[in-house]
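Novice: Contents of final-v5.txt (compact mmCIF, C-alpha atoms and all ligand atoms) are given next:
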# COMPACT_ATOMS: atom_id res chain seq x y z
CA MET A 1 29.39 -54.69 -34.26
CA GLN A 2 30.87 -56.85 -31.50
CA VAL A 3 28.16 -58.34 -29.29
CA GLU A 4 29.30 -58.54 -25.68
CA LYS A 5 28.12 -61.36 -23.46
CA THR A 6 25.26 -60.35 -21.15
CA LEU A 7 25.13 -60.96 -17.40
CA GLU A 8 22.46 -63.56 -18.04
CA ALA A 9 24.78 -65.48 -20.39
CA LEU A 10 27.75 -65.16 -17.99
CA LEU A 11 25.67 -66.56 -15.12
CA ARG A 12 25.02 -69.80 -17.03
CA ASP A 13 28.47 -70.85 -15.74
CA ALA A 14 27.77 -69.80 -12.14
CA PRO A 15 27.50 -72.40 -9.36
CA GLN A 16 24.03 -73.92 -9.03
CA GLY A 17 21.50 -71.61 -7.38
CA VAL A 18 23.70 -68.49 -7.36
CA ALA A 19 22.46 -66.86 -10.58
CA PRO A 20 19.12 -65.58 -9.16
CA ILE A 21 20.92 -63.95 -6.22
CA ILE A 22 23.47 -62.18 -8.43
CA THR A 23 20.68 -61.14 -10.80
CA ALA A 24 18.76 -59.63 -7.86
CA ILE A 25 21.89 -57.83 -6.59
CA ALA A 26 22.60 -56.47 -10.09
CA ALA A 27 19.00 -55.20 -10.34
CA ALA A 28 19.25 -53.49 -6.93
CA CYS A 29 22.54 -51.91 -8.05
CA VAL A 30 20.77 -50.45 -11.10
CA GLU A 31 18.23 -48.82 -8.77
CA ILE A 32 20.97 -47.50 -6.48
CA GLU A 33 22.80 -46.12 -9.52
CA ARG A 34 19.62 -44.34 -10.71
CA LEU A 35 19.22 -42.75 -7.30
CA THR A 36 22.91 -41.79 -7.17
CA SER A 37 22.84 -40.17 -10.59
CA LEU A 38 19.80 -38.09 -9.63
CA GLY A 39 21.97 -36.45 -6.96
CA GLY A 40 20.32 -33.33 -5.60
CA LEU A 41 17.18 -34.10 -7.64
CA ALA A 42 16.50 -37.05 -5.32
CA GLY A 43 16.76 -35.00 -2.13
CA SER A 44 19.73 -34.69 0.23
CA LEU A 45 21.41 -38.03 -0.47
CA GLY A 46 24.56 -36.96 1.38
CA ALA A 47 22.78 -35.67 4.48
CA SER A 48 23.83 -37.31 7.76
CA LEU A 49 20.94 -39.10 9.46
CA GLY A 50 22.81 -40.29 12.53
CA GLN A 51 24.96 -43.35 13.16
CA ASN A 52 24.64 -46.99 12.17
CA ALA A 53 24.88 -49.94 14.55
CA ASP A 54 28.66 -49.72 14.59
CA GLY A 55 29.01 -45.99 15.10
CA ASP A 56 29.66 -44.90 11.47
CA THR A 57 27.86 -41.82 10.21
CA GLN A 58 24.85 -42.89 8.17
CA LYS A 59 23.88 -40.83 5.12
CA GLU A 60 20.50 -40.72 3.42
CA LEU A 61 21.84 -42.74 0.44
CA ASP A 62 23.24 -45.40 2.83
CA VAL A 63 19.74 -45.91 4.19
CA ARG A 64 18.02 -45.97 0.79
CA ALA A 65 20.61 -48.36 -0.68
CA GLN A 66 20.19 -50.60 2.36
CA GLU A 67 16.41 -50.74 1.81
CA LEU A 68 16.86 -51.63 -1.87
CA MET A 69 19.35 -54.40 -1.10
CA MET A 70 17.21 -55.83 1.72
CA VAL A 71 14.12 -56.08 -0.51
CA ALA A 72 16.18 -57.69 -3.30
CA MET A 73 17.79 -60.24 -0.96
CA ARG A 74 14.56 -61.19 0.82
CA GLN A 75 12.81 -61.67 -2.53
CA SER A 76 15.57 -63.89 -3.86
CA GLY A 77 15.12 -66.37 -1.00
CA VAL A 78 18.51 -66.12 0.71
CA ALA A 79 18.88 -67.93 4.02
CA ALA A 80 20.57 -65.12 5.92
CA ILE A 81 21.65 -61.51 5.50
CA ALA A 82 24.40 -59.41 7.10
CA SER A 83 24.93 -55.76 6.23
CA GLU A 84 27.07 -52.86 7.34
CA GLU A 85 23.80 -51.13 8.19
CA LEU A 86 22.36 -53.95 10.36
CA GLU A 87 23.32 -54.40 13.98
CA ASP A 88 23.27 -58.20 13.70
CA TRP A 89 22.76 -60.79 10.97
CA GLU A 90 19.21 -61.88 10.11
CA LEU A 91 17.77 -65.29 9.35
CA CYS A 92 15.48 -65.11 6.30
CA ASP A 93 14.29 -68.08 4.24
CA ALA A 94 14.87 -71.38 6.05
CA LYS A 95 14.94 -73.16 2.67
CA GLY A 96 17.62 -70.83 1.27
CA THR A 97 21.00 -72.35 0.46
CA PHE A 98 23.07 -69.15 0.47
CA ALA A 99 23.82 -66.29 2.84
CA VAL A 100 24.70 -62.80 1.62
CA ALA A 101 26.80 -60.13 3.35
CA PHE A 102 26.98 -56.65 1.84
CA ASP A 103 27.96 -53.04 2.21
CA PRO A 104 25.05 -51.35 0.40
CA LEU A 105 26.90 -48.07 -0.14
CA ASP A 106 30.68 -47.98 0.04
CA GLY A 107 32.53 -44.65 0.05
CA SER A 108 29.64 -42.63 1.50
CA SER A 109 31.91 -39.68 2.33
CA ASN A 110 31.99 -39.11 -1.45
CA ILE A 111 28.21 -38.96 -2.02
CA ASP A 112 28.02 -35.18 -2.25
CA THR A 113 31.22 -34.83 -4.27
CA ASN A 114 30.11 -36.68 -7.43
CA MET A 115 32.96 -39.19 -7.03
CA SER A 116 32.66 -42.94 -7.56
CA ILE A 117 30.88 -44.94 -4.85
CA GLY A 118 29.57 -48.50 -4.88
CA THR A 119 28.01 -51.63 -3.40
CA ILE A 120 30.06 -54.64 -2.21
CA PHE A 121 28.69 -58.18 -1.72
CA SER A 122 29.77 -61.64 -0.64
CA ILE A 123 27.81 -64.89 -1.12
CA LEU A 124 28.46 -67.80 1.25
CA PRO A 125 26.94 -71.24 1.74
CA ALA A 126 24.14 -71.19 4.35
CA LYS A 127 24.50 -73.34 7.48
CA GLY A 128 20.91 -74.09 8.53
CA SER A 129 20.01 -71.95 11.50
CA ASP A 130 23.68 -71.53 12.50
CA ASN A 131 25.50 -68.28 11.86
CA PRO A 132 26.88 -68.61 8.28
CA PHE A 133 29.01 -65.48 8.67
CA THR A 134 31.77 -67.19 10.64
CA GLN A 135 33.30 -68.95 7.65
CA PRO A 136 36.73 -68.15 6.19
CA GLY A 137 36.80 -65.94 3.11
CA HIS A 138 37.81 -68.87 0.93
CA ALA A 139 34.36 -70.39 1.58
CA GLN A 140 32.78 -67.64 -0.54
CA ILE A 141 30.85 -68.96 -3.53
CA ALA A 142 30.75 -65.60 -5.32
CA ALA A 143 31.61 -61.98 -4.60
CA GLY A 144 31.87 -58.65 -6.30
CA PHE A 145 31.11 -54.97 -6.29
CA ALA A 146 29.31 -52.32 -8.28
CA VAL A 147 30.86 -48.92 -9.04
CA TYR A 148 28.61 -45.90 -9.57
CA GLY A 149 30.87 -43.53 -11.47
CA PRO A 150 31.16 -42.13 -15.00
CA GLN A 151 30.36 -45.73 -16.00
CA THR A 152 28.23 -48.10 -13.94
CA LEU A 153 30.25 -51.29 -13.47
CA LEU A 154 29.81 -54.69 -11.92
CA VAL A 155 32.96 -56.60 -10.99
CA LEU A 156 32.17 -60.24 -10.39
CA THR A 157 33.78 -63.54 -9.52
CA PHE A 158 32.39 -66.95 -8.78
CA GLY A 159 35.81 -68.53 -8.56
CA LYS A 160 36.49 -68.85 -12.30
CA GLY A 161 38.35 -65.56 -12.79
CA THR A 162 37.20 -61.97 -12.40
CA ASP A 163 34.98 -60.33 -15.01
CA VAL A 164 33.85 -56.73 -15.46
CA LEU A 165 30.40 -55.86 -16.75
CA THR A 166 29.24 -52.42 -17.84
CA LEU A 167 25.62 -51.30 -17.55
CA ASP A 168 24.60 -50.31 -21.07
CA PRO A 169 22.59 -47.10 -20.60
CA ARG A 170 21.01 -47.58 -24.03
CA ASP A 171 19.00 -50.64 -23.02
CA GLY A 172 19.72 -51.19 -19.32
CA VAL A 173 21.53 -54.52 -19.93
CA TRP A 174 24.74 -55.53 -18.10
CA ARG A 175 27.36 -56.60 -20.66
CA VAL A 176 30.78 -58.17 -20.07
CA THR A 177 33.39 -55.63 -21.12
CA ARG A 178 36.47 -57.33 -19.60
CA ASN A 179 36.92 -61.03 -19.29
CA HIS A 180 39.36 -62.75 -16.91
CA VAL A 181 41.04 -59.56 -15.71
CA GLN A 182 44.71 -59.90 -14.72
CA ILE A 183 46.37 -57.33 -12.44
CA THR A 184 49.61 -56.04 -13.93
CA GLY A 185 52.74 -56.08 -11.78
CA ASN A 186 54.27 -53.09 -13.59
CA SER A 187 52.44 -50.25 -11.89
CA THR A 188 54.21 -47.69 -9.72
CA GLU A 189 50.99 -46.46 -8.06
CA TYR A 190 50.09 -46.87 -4.41
CA ALA A 191 46.94 -45.83 -2.56
CA VAL A 192 46.97 -44.86 1.10
CA ASN A 193 45.50 -42.13 3.29
CA ALA A 194 48.89 -40.51 3.90
CA SER A 195 47.50 -38.07 6.46
CA ASN A 196 47.66 -40.98 8.93
CA TYR A 197 51.44 -41.44 8.51
CA ARG A 198 52.23 -40.48 12.11
CA HIS A 199 49.82 -43.14 13.41
CA TRP A 200 51.25 -46.08 11.41
CA ASP A 201 53.62 -48.79 12.54
CA ARG A 202 57.17 -49.07 11.23
CA ALA A 203 56.42 -51.61 8.51
CA VAL A 204 53.88 -49.38 6.78
CA ARG A 205 56.02 -46.28 7.20
CA ALA A 206 58.99 -48.13 5.72
CA TYR A 207 56.96 -49.21 2.69
CA VAL A 208 55.64 -45.71 2.05
CA ASP A 209 59.03 -44.08 2.81
CA ASP A 210 60.59 -46.23 0.09
CA CYS A 211 57.89 -45.13 -2.39
CA VAL A 212 58.31 -41.47 -1.45
CA SER A 213 62.14 -41.71 -1.77
CA GLY A 214 61.67 -42.62 -5.43
CA VAL A 215 64.81 -43.08 -7.53
CA GLU A 216 66.96 -42.05 -4.57
CA GLY A 217 65.52 -44.74 -2.30
CA PRO A 218 66.13 -48.50 -2.10
CA ARG A 219 63.56 -49.25 -4.81
CA GLU A 220 65.33 -46.91 -7.23
CA LYS A 221 62.19 -45.78 -9.05
CA ASN A 222 59.60 -43.05 -8.75
CA PHE A 223 56.09 -43.80 -7.52
CA ASN A 224 52.76 -42.03 -7.80
CA MET A 225 50.05 -41.83 -5.15
CA ARG A 226 46.25 -41.86 -5.61
CA TRP A 227 43.61 -41.81 -2.86
CA ILE A 228 39.93 -41.52 -3.72
CA GLY A 229 38.46 -42.56 -0.37
CA SER A 230 36.16 -45.15 -2.00
CA LEU A 231 37.36 -48.71 -1.66
CA VAL A 232 35.46 -49.80 -4.77
CA ALA A 233 37.05 -47.08 -6.91
CA GLU A 234 40.58 -47.90 -5.71
CA ALA A 235 39.94 -51.62 -6.26
CA PHE A 236 38.70 -51.00 -9.79
CA ARG A 237 41.70 -48.79 -10.59
CA ILE A 238 44.05 -51.53 -9.38
CA LEU A 239 42.22 -54.12 -11.50
CA THR A 240 42.62 -51.76 -14.46
CA ARG A 241 46.24 -50.62 -14.18
CA GLY A 242 47.79 -52.34 -11.16
CA GLY A 243 49.28 -50.93 -7.97
CA VAL A 244 48.64 -51.52 -4.29
CA PHE A 245 46.10 -50.37 -1.68
CA LEU A 246 46.93 -49.95 2.01
CA TYR A 247 44.54 -49.39 4.91
CA PRO A 248 46.67 -50.49 7.87
CA GLY A 249 45.78 -50.63 11.52
CA ASP A 250 47.09 -47.61 13.41
CA VAL A 251 47.26 -46.14 16.89
CA ARG A 252 44.18 -43.91 16.62
CA GLN A 253 41.37 -44.91 18.92
CA GLY A 254 39.19 -47.49 17.16
CA TYR A 255 41.71 -48.04 14.32
CA ARG A 256 43.94 -50.71 15.86
CA GLU A 257 42.56 -53.18 13.30
CA GLY A 258 42.25 -50.57 10.57
CA ARG A 259 39.02 -49.19 9.22
CA LEU A 260 37.67 -51.74 6.78
CA ARG A 261 35.38 -54.65 7.63
CA LEU A 262 36.43 -58.23 7.11
CA LEU A 263 33.07 -59.80 6.23
CA TYR A 264 31.57 -57.45 3.68
CA GLU A 265 34.56 -55.39 2.48
CA ALA A 266 37.88 -57.26 2.78
CA HIS A 267 36.61 -60.78 2.02
CA PRO A 268 34.77 -59.95 -1.22
CA ILE A 269 37.49 -57.57 -2.44
CA ALA A 270 40.15 -60.22 -1.66
CA PHE A 271 38.22 -62.89 -3.62
CA VAL A 272 37.95 -60.59 -6.66
CA ILE A 273 41.64 -59.58 -6.42
CA GLU A 274 42.96 -63.14 -6.03
CA GLN A 275 40.84 -64.28 -8.96
CA ALA A 276 42.56 -61.53 -10.98
CA GLY A 277 46.02 -62.88 -10.06
CA GLY A 278 46.63 -60.41 -7.20
CA ARG A 279 47.07 -60.84 -3.45
CA ALA A 280 45.15 -59.53 -0.42
CA SER A 281 46.65 -59.62 3.06
CA ASN A 282 46.28 -58.31 6.59
CA GLY A 283 50.06 -57.72 6.58
CA HIS A 284 50.87 -61.15 7.98
CA GLY A 285 48.77 -63.53 5.92
CA ARG A 286 46.01 -64.11 3.44
CA ILE A 287 42.72 -62.27 4.03
CA LEU A 288 40.75 -65.22 2.61
CA ASP A 289 42.08 -67.49 5.40
CA MET A 290 40.66 -65.23 8.11
CA VAL A 291 37.46 -66.22 9.93
CA PRO A 292 35.29 -63.32 11.15
CA LYS A 293 34.71 -63.40 14.90
CA SER A 294 31.89 -60.88 14.56
CA ILE A 295 29.83 -59.34 11.77
CA HIS A 296 31.50 -55.92 11.92
CA GLN A 297 35.08 -57.04 12.66
CA ARG A 298 37.67 -54.67 11.20
CA VAL A 299 40.90 -55.77 9.56
CA PRO A 300 44.08 -54.12 8.24
CA LEU A 301 43.84 -54.50 4.46
CA PHE A 302 46.57 -54.55 1.80
CA PHE A 303 45.77 -55.68 -1.72
CA GLY A 304 46.94 -55.35 -5.30
CA SER A 305 49.67 -56.87 -7.40
CA ALA A 306 51.08 -59.93 -5.65
CA GLU A 307 54.73 -58.86 -5.39
CA LYS A 308 53.84 -55.50 -3.81
CA VAL A 309 51.64 -57.15 -1.18
CA GLU A 310 54.36 -59.75 -0.53
CA ARG A 311 56.85 -56.91 0.04
CA LEU A 312 54.45 -55.43 2.62
CA GLU A 313 54.19 -58.83 4.30
CA ARG A 314 57.99 -59.18 4.43
CA LEU A 315 58.23 -55.77 6.13
CA HIS A 316 55.51 -56.73 8.64
CA ASN A 317 57.13 -60.08 9.44
CA ASP A 318 60.69 -58.74 9.61
CA PRO A 319 61.98 -58.45 13.20
CA GLN A 320 64.78 -56.19 11.90
CA ILE A 321 62.38 -53.55 10.70
CA GLY A 322 63.16 -51.38 13.74
CA SER A 323 66.83 -51.14 12.83
CA GLU A 324 65.95 -50.97 9.12
CA THR A 325 64.21 -47.68 9.71
CA SER A 326 66.72 -46.25 12.17
CA PRO A 327 67.30 -42.63 11.11
CA LEU A 328 71.07 -43.04 11.38
CA PHE A 329 72.10 -46.63 10.82
CA GLY A 330 69.21 -48.45 9.16
CA ARG A 331 69.17 -49.44 5.50
CA ARG A 332 67.21 -46.27 4.91
CA GLY A 333 69.31 -44.27 7.39
CA LEU A 334 71.96 -41.61 6.98
CA PHE A 335 74.86 -44.05 7.32
CA ARG A 336 73.29 -46.89 5.43
CA ALA A 337 75.46 -49.90 4.89
O1 LIG A 401 34.19 -48.12 3.98
C1 LIG A 401 34.94 -47.16 4.35
C2 LIG A 401 35.60 -46.23 3.34
O2 LIG A 401 34.77 -45.20 2.90
C3 LIG A 401 36.27 -46.89 2.12
O3 LIG A 401 35.46 -46.89 0.98
C4 LIG A 401 37.51 -46.05 1.92
O4 LIG A 401 38.57 -46.80 1.38
C5 LIG A 401 37.83 -45.57 3.32
O5 LIG A 401 36.67 -45.68 4.10
C6 LIG A 401 38.29 -44.14 3.36
O6 LIG A 401 38.88 -43.90 4.57
P1 LIG A 401 39.48 -42.46 5.00
O7 LIG A 401 38.27 -41.66 5.41
O8 LIG A 401 40.40 -42.74 6.12
O9 LIG A 401 40.14 -41.87 3.81
Please render this file's structure as structure tokens.

Specialist:
Amino acid sequence: MQVEKTLEALLRDAPQGVAPIITAIAAACVEIERLTSLGGLAGSLGASLGQNADGDTQKELDVRAQELMMVAMRQSGVAAIASEELEDWELCDAKGTFAVAFDPLDGSSNIDTNMSIGTIFSILPAKGSDNPFTQPGHAQIAAGFAVYGPQTLLVLTFGKGTDVLTLDPRDGVWRVTRNHVQITGNSTEYAVNASNYRHWDRAVRAYVDDCVSGVEGPREKNFNMRWIGSLVAEAFRILTRGGVFLYPGDVRQGYREGRLRLLYEAHPIAFVIEQAGGRASNGHGRILDMVPKSIHQRVPLFFGSAEKVERLERLHNDPQIGSETSPLFGRRGLFRA
């Protein structure tokens, strides 16, 4: 029988001091997974309890996952913590050398539906008593996410590629099941909440229009759309079989910069994706070059296979895009040249 590498063995190659933090996060994720899989047996995990600091609806499982992650992070001696569920960042252990930002429960609208949800985390160098959460994404030391689905997974990078670990339910050990994942460029899948089409700008509409036009459009091939509504699940699908994810900014109130958060969603996902050979962008440039101005800053997010994200960037940066999408004379128009 093939013996897969354990998390403990994988972490021997992690940067100095990071292994105990990742071990603590992985242990908290096991507890969140146990709670998730109990479903209705653990109470009303999907019940709305109110709103978090930033106005998002908070579910019972959001709150319980937050408690589990807070205990784990405080016990592992991190210097500072930021979370989707905290109004502001918190200073913890003055001797700590790392700061951790996390979304304890991503995809909470799926809690009651038995669909995949997860936990996302980002580990940064601490900066004494200064706010460590104003560093660019490329300063991250490690990042990853757990997926609570048919399998419980941990996707992890510390800058030496992206690995996937599976929680072995037979003995509760995390084992590496995919080493140095590489995102394929061959996929014809895209993920977007298409119900927002009328709110998007021209660049995003043009990209999606071309996919929808299939073999009759400028890309001359058929595409397929998937939308789960859990960032972690879409990210894992893209790591598995390629494609592209779009959550653009749009004209709805509060969505000008999209929906997803730079610090604890876009940055860690971008690190994982780049380490798997993909690209992550805000439409104009690299997500990992962005510096958060605030803990809960939102950002338009596009990620997946590099050439698809580059195509989205070309559309965003193209001053001709208005005429390109003209219903009569544009490249996609009735009288296309
Ligand atoms: O964190 C927010 C989140 O739940 C993501 O997991 C997911 O990608 C997105 O929101 C879903 O957004 P919408 O409700 O617009 O489909």

Novice: Skipping near chain neighbours, those fewer than 4 positions away, what residues fall within 12 Å of segment 304-313 of chain A using all atoms listed in the file, listed as a PDB file with C-alpha atoms, keeping the file's coordinate frame?

Specialist:
ATOM      1  CA  GLN A 182      44.710 -59.900 -14.720  1.00  0.00           C
ATOM      2  CA  ILE A 183      46.370 -57.330 -12.440  1.00  0.00           C
ATOM      3  CA  THR A 184      49.610 -56.040 -13.930  1.00  0.00           C
ATOM      4  CA  GLY A 185      52.740 -56.080 -11.780  1.00  0.00           C
ATOM      5  CA  ASN A 186      54.270 -53.090 -13.590  1.00  0.00           C
ATOM      6  CA  SER A 187      52.440 -50.250 -11.890  1.00  0.00           C
ATOM      7  CA  THR A 188      54.210 -47.690  -9.720  1.00  0.00           C
ATOM      8  CA  GLU A 189      50.990 -46.460  -8.060  1.00  0.00           C
ATOM      9  CA  TYR A 190      50.090 -46.870  -4.410  1.00  0.00           C
ATOM     10  CA  ALA A 191      46.940 -45.830  -2.560  1.00  0.00           C
ATOM     11  CA  ASP A 201      53.620 -48.790  12.540  1.00  0.00           C
ATOM     12  CA  ARG A 202      57.170 -49.070  11.230  1.00  0.00           C
ATOM     13  CA  ALA A 203      56.420 -51.610   8.510  1.00  0.00           C
ATOM     14  CA  VAL A 204      53.880 -49.380   6.780  1.00  0.00           C
ATOM     15  CA  ARG A 205      56.020 -46.280   7.200  1.00  0.00           C
ATOM     16  CA  ALA A 206      58.990 -48.130   5.720  1.00  0.00           C
ATOM     17  CA  TYR A 207      56.960 -49.210   2.690  1.00  0.00           C
ATOM     18  CA  VAL A 208      55.640 -45.710   2.050  1.00  0.00           C
ATOM     19  CA  ASP A 210      60.590 -46.230   0.090  1.00  0.00           C
ATOM     20  CA  CYS A 211      57.890 -45.130  -2.390  1.00  0.00           C
ATOM     21  CA  ARG A 219      63.560 -49.250  -4.810  1.00  0.00           C
ATOM     22  CA  GLU A 234      40.580 -47.900  -5.710  1.00  0.00           C
ATOM     23  CA  ALA A 235      39.940 -51.620  -6.260  1.00  0.00           C
ATOM     24  CA  PHE A 236      38.700 -51.000  -9.790  1.00  0.00           C
ATOM     25  CA  ARG A 237      41.700 -48.790 -10.590  1.00  0.00           C
ATOM     26  CA  ILE A 238      44.050 -51.530  -9.380  1.00  0.00           C
ATOM     27  CA  LEU A 239      42.220 -54.120 -11.500  1.00  0.00           C
ATOM     28  CA  THR A 240      42.620 -51.760 -14.460  1.00  0.00           C
ATOM     29  CA  ARG A 241      46.240 -50.620 -14.180  1.00  0.00           C
ATOM     30  CA  GLY A 242      47.790 -52.340 -11.160  1.00  0.00           C
ATOM     31  CA  GLY A 243      49.280 -50.930  -7.970  1.00  0.00           C
ATOM     32  CA  VAL A 244      48.640 -51.520  -4.290  1.00  0.00           C
ATOM     33  CA  PHE A 245      46.100 -50.370  -1.680  1.00  0.00           C
ATOM     34  CA  LEU A 246      46.930 -49.950   2.010  1.00  0.00           C
ATOM     35  CA  TYR A 247      44.540 -49.390   4.910  1.00  0.00           C
ATOM     36  CA  PRO A 248      46.670 -50.490   7.870  1.00  0.00           C
ATOM     37  CA  ILE A 269      37.490 -57.570  -2.440  1.00  0.00           C
ATOM     38  CA  ALA A 270      40.150 -60.220  -1.660  1.00  0.00           C
ATOM     39  CA  PHE A 271      38.220 -62.890  -3.620  1.00  0.00           C
ATOM     40  CA  VAL A 272      37.950 -60.590  -6.660  1.00  0.00           C
ATOM     41  CA  ILE A 273      41.640 -59.580  -6.420  1.00  0.00           C
ATOM     42  CA  GLU A 274      42.960 -63.140  -6.030  1.00  0.00           C
ATOM     43  CA  GLN A 275      40.840 -64.280  -8.960  1.00  0.00           C
ATOM     44  CA  ALA A 276      42.560 -61.530 -10.980  1.00  0.00           C
ATOM     45  CA  GLY A 277      46.020 -62.880 -10.060  1.00  0.00           C
ATOM     46  CA  GLY A 278      46.630 -60.410  -7.200  1.00  0.00           C
ATOM     47  CA  ARG A 279      47.070 -60.840  -3.450  1.00  0.00           C
ATOM     48  CA  ALA A 280      45.150 -59.530  -0.420  1.00  0.00           C
ATOM     49  CA  SER A 281      46.650 -59.620   3.060  1.00  0.00           C
ATOM     50  CA  ASN A 282      46.280 -58.310   6.590  1.00  0.00           C
ATOM     51  CA  GLY A 283      50.060 -57.720   6.580  1.00  0.00           C
ATOM     52  CA  HIS A 284      50.870 -61.150   7.980  1.00  0.00           C
ATOM     53  CA  GLY A 285      48.770 -63.530   5.920  1.00  0.00           C
ATOM     54  CA  ARG A 286      46.010 -64.110   3.440  1.00  0.00           C
ATOM     55  CA  ILE A 287      42.720 -62.270   4.030  1.00  0.00           C
ATOM     56  CA  PRO A 300      44.080 -54.120   8.240  1.00  0.00           C
ATOM     57  CA  ASN A 317      57.130 -60.080   9.440  1.00  0.00           C
ATOM     58  CA  ASP A 318      60.690 -58.740   9.610  1.00  0.00           C
ATOM     59  CA  PRO A 319      61.980 -58.450  13.200  1.00  0.00           C
ATOM     60  CA  ILE A 321      62.380 -53.550  10.700  1.00  0.00           C
TER      61      ILE A 321
END

Novice: Mind listing as JSON, numbers by chain all residues within 9 Å of (48.3, -41.6, -3.9), counting all atoms listed in the file?

Specialist: {"A": [189, 190, 191, 192, 193, 194, 223, 224, 225, 226, 227, 228]}

Novice: Box for segment 15-33 of chain A - axis-aligned, 5 Å on each of the six sides, all listed atoms - centre and size in Å to one decimal, as JSON.

Specialist:
{"center_x": 22.9, "center_y": -60.0, "center_z": -8.7, "size_x": 19.3, "size_y": 37.8, "size_z": 14.9}

Novice: Counting all atoms listed in the file, figure out which residue out of A:Asn52, A:Thr119, A:Thr6, A:Ser109 gets nearest to ligand LIG 401 (chain A).

Specialist: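 With all atoms listed in the file as the atom set, the closest residue is A:Ser109.
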
Novice: Please indicate the distance in Å from atom CA of Tyr264 of chain A to atom CA of Thr162 of chain A, rounded to one decimal place.

Specialist: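 Atom CA of Thr162 of chain A lies at a distance of 17.6 Å from atom CA of Tyr264 of chain A.
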
Novice: How many Å lie between atom CA of Trp200 of chain A and atom CA of Leu301 of chain A, rounded to one decimal?

Specialist: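 Straight-line distance from atom CA of Trp200 of chain A to atom CA of Leu301 of chain A works out to 13.2 Å.
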
Novice: Go ahead and compute the interatomic distance for atom CA of Val147 of chain A and atom CA of Val232 of chain A, in Å to one decimal.

Specialist: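 Distance reported for this atom pair: 6.3 Å.
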
Novice: Distance cut-off 10 Å, centre (33.6, -59.6, -6.6) in file coordinates, counting only C-alpha atoms: which residues qualify? Return them as a list in words.

Specialist: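 With a cut-off of 10 Å, the residues come to Ile120, Phe121, Ser122, Ile123, Ala142, Ala143, Gly144, Phe145, Ala146, Leu154, Val155, Leu156, Thr157, Phe158, Gly159, Gly161, Thr162, Asp163, Val164, His267, Pro268, Ile269, Ala270, Phe271, Val272, Ile273 and Gln275 of chain A.
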
Novice: Which residues sit within 7 Å of ligand LIG 401 (chain A), counting only C-alpha atoms and all ligand atoms, listed as a PyMOL selection string?

Specialist: chain A and resi 106-109+193+229-232+259-260

Novice: Could you tell me which of A:Thr57, A:Ser195, A:Thr134, A:Gln16 comes closest to His296 of chain A if we count all atoms listed in the file?

Specialist: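 Among the listed residues, the smallest separation from His296 of chain A belongs to A:Thr134.
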